[in-house]
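Please read the structure below before turning to the comments.
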Amino acid sequence: MGAFFAALRITLVFYLITPGSSTCLIGCSCTDENMGRSLLCMETPMGQIPKDIPHDFTKIRIENCRLTELPRGSFSNVSALEFLWLNFNEITLMNIKSLEGLANLTELRLQGNKLTSVPWTAFQNTPKLKILDLKHNRLDVLPEHALRHLPALTYLDLSFNQLSVISKDVFINWPLYQTAEKVWGKEGLVSNVVLALHDNPWLCDCRLKGFVEFIRAVSPPIILMNSYLMCVGPASKADKFFHEIQLKTCMKPVASAPATNITLPLGANATLTCLVKARPGPTIQWMYSLKIIRGFAATETQIDEETITSQLVIPSLHLADRGIYTCMANNFISNSSVSIMVNISSSNSSAPLHPPVPMLSSNESTYIDIRIAKQTVYGITLEWYAATDNPAETWFTIHFGKYDSPRKEMIYIGPGINSYSVSDLLPVTKYEVCVTLKNHPPREGQCIVFVTGSDISELEQRERLIHIIVIVCAMVLAVPAGMYACTTEAKFNCVDRCIDLWKKRRLHRENLQGSERQGTFDSLQAASDEGLYRDSEEKPKKRRKSEDKSKGGSAAYLY
């Protein structure tokens, strides 16, 4: 009897120390069957594939276990594995090497996961795979060579996914199809192949033409699980079956315009019309020089299955709106464009123009209006309007540097861009920035001069609290804190006066430190206003003189 218990203990120890052939995962059940050992894990919150799966399993079924991905070599230690079911998990990612080491796998089921794509080359490691179940996922693309590495497949289920357009070449390039096509007439040489492709949002336009024709011609041994494939779009084909529709060959876009050169009076509303023929329907966009600054509304109307009209509406034409407007249409085949020239006439030469576009003199071919659109503690953002003959091809040059520097940095800006940001500015520094046509020297009206503040750290702390009152010659303006700016058209005696006023105001503010009003928004505001007001009252005659001199331009110091 003692010998019997000793043998039993030895057997039990052996049972516990040989995990490759005897153990089972916690929360799972293991069984021995005629075809080999099986592992069943149902609703076990794993989160990831266990790394200690015994190597002698031939069947593994892990379902509702919240798996999120199949990493590289997920089951590479289970080389005898033939059946792998991973249904109803939350798998979103499948590594290209996730099936590594599974040369004996014949059945893979991934139903009810969240896959948006599958690395089809992963099936190079499963040459014996016969059943592939991918239904109820989120696949939206089936590459042309997806089935290249599945020569033994007899069941493929892609139903209930998000496939909308696939090529017939997916199946023409399938090695099983190419081989079987030669011997399908000989009974018994080729097994039936079942395809499930139903309940996908098929978009029945010209891109699906080849696939629709393939489905119509399918015959045994290829068998469709559901041969009534239905279109979801476009609207003219929605809810129709494949066998009810006729699709045309795809066609590259051809854009045209009823009028390519129009002339309208200043202030009138303009409607530019572009007609596009294409299969499938194209995307249409309008390109013009002021698109970033002055965006106009465009509407599209479907004339018939292959014709679309796009209209761009320009309300209240400005002088800067003249130029070339290009209607661009493209689909997956090619693109096409048509250009419309907009000219502006004015019967009354003294008619006012919408700011900020001024009257052009007869000798000015190009006008550029430049302004500081945004200002921060460390830099500025420039915007400009430009009236050019060919805005779609017009390049600009930005000249930037210290005001007294003879050489400025030059930055080249491509067509369609009307803004540029300058950062990392030095404190207490006078800068000049100009915008010109590419490689042209700056001229009057194309430059801005600005002076940065004297204490960056102070500005950074107070920029959200302090409003500064700034004298622009005879005008008082409220502007954001941060820097001073003036156009080069300004008379610099006005600029000098602005600097003097600022210095006096700053000195006055420093003298107020320690008083009860110091440190509050109201006190700083009031102190600044009072100081400037008293200065401006001291010499009213000089102020009026500065005002007269500044009519040709403006100067502003922003603090």
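Residue numbering restarts at 1 in every chain; chains get A, B, ... in the order shown in the structure tokens, and ligands count up from 1 in that same order.
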
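Every protein, DNA or RNA residue with an atom at most 9 Å from A:Pro253, where only C-alpha atoms count and chain neighbours fewer than 4 positions away do not, is listed here: Val276, Lys277, Ala278, Arg279, Pro280, Gly281, Pro282, Ala329, Asn330, Asn331, Ile333, Ser334, Asn335, Ser336 and Ser337 of chain A.
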
Stretch 133-332 of chain A: which residues are alpha helix (DSSP H) by DSSP, as JSON, numbers by chain? {"A": [169, 170, 171, 172, 175, 176, 177, 178, 179, 180, 181, 182, 183, 209, 210, 211, 212, 213, 214, 215, 216, 217]}

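Nearest to A:Cys231 of all the residues A:Val165, A:Val218, A:Met287, A:Ala196 is A:Val165, based on only C-alpha atoms.
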
Selection: 7 Å around A:Asp369, only C-alpha atoms, excl. self and same-chain fewer than 2 positions, as a compact mmCIF listing (two decimals) with N, CA and C atoms, in the first residue's frame:
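The file below, selection-v8.txt, is the result:
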```txt
# COMPACT_ATOMS: atom_id res chain seq x y z
N TYR A 367 -1.30 96.40 -56.16
CA TYR A 367 -1.46 97.03 -54.85
C TYR A 367 -1.42 95.95 -53.78
N ARG A 371 -1.15 94.61 -43.00
CA ARG A 371 -1.53 95.01 -41.65
C ARG A 371 -1.07 93.95 -40.65
N TRP A 384 -2.17 90.33 -45.59
CA TRP A 384 -2.15 91.32 -46.66
C TRP A 384 -3.19 90.99 -47.73
N TYR A 385 -3.68 92.04 -48.35
CA TYR A 385 -4.54 91.93 -49.52
C TYR A 385 -3.69 92.28 -50.74
N ALA A 386 -3.91 91.58 -51.83
CA ALA A 386 -3.15 91.88 -53.04
C ALA A 386 -4.06 91.80 -54.25
N GLN A 446 4.04 99.36 -48.70
CA GLN A 446 4.17 97.91 -48.59
C GLN A 446 4.94 97.50 -47.33
```

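Closest approach to A:Thr452 among A:Leu425, A:Leu158, A:Ile417, A:Val194: A:Leu425, based on only C-alpha atoms.
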
Please, which residues of stretch 257-305 of chain A, numbered as in this document, come out strand (DSSP E or B) from DSSP, as a ChimeraX atom specification? /A:261-265,270-279,283-287,297-304

Could you give me, as a ChimeraX atom specification, the residues within 12 Å of A:Met35, counting only C-alpha atoms and dropping anything in the same chain fewer than 5 positions from it? /A:56-59,80-83

Among listed residues A:Leu102, A:Ile293, A:Val342, A:Val433, nearest A:Asn418 (using only C-alpha atoms): A:Ile293
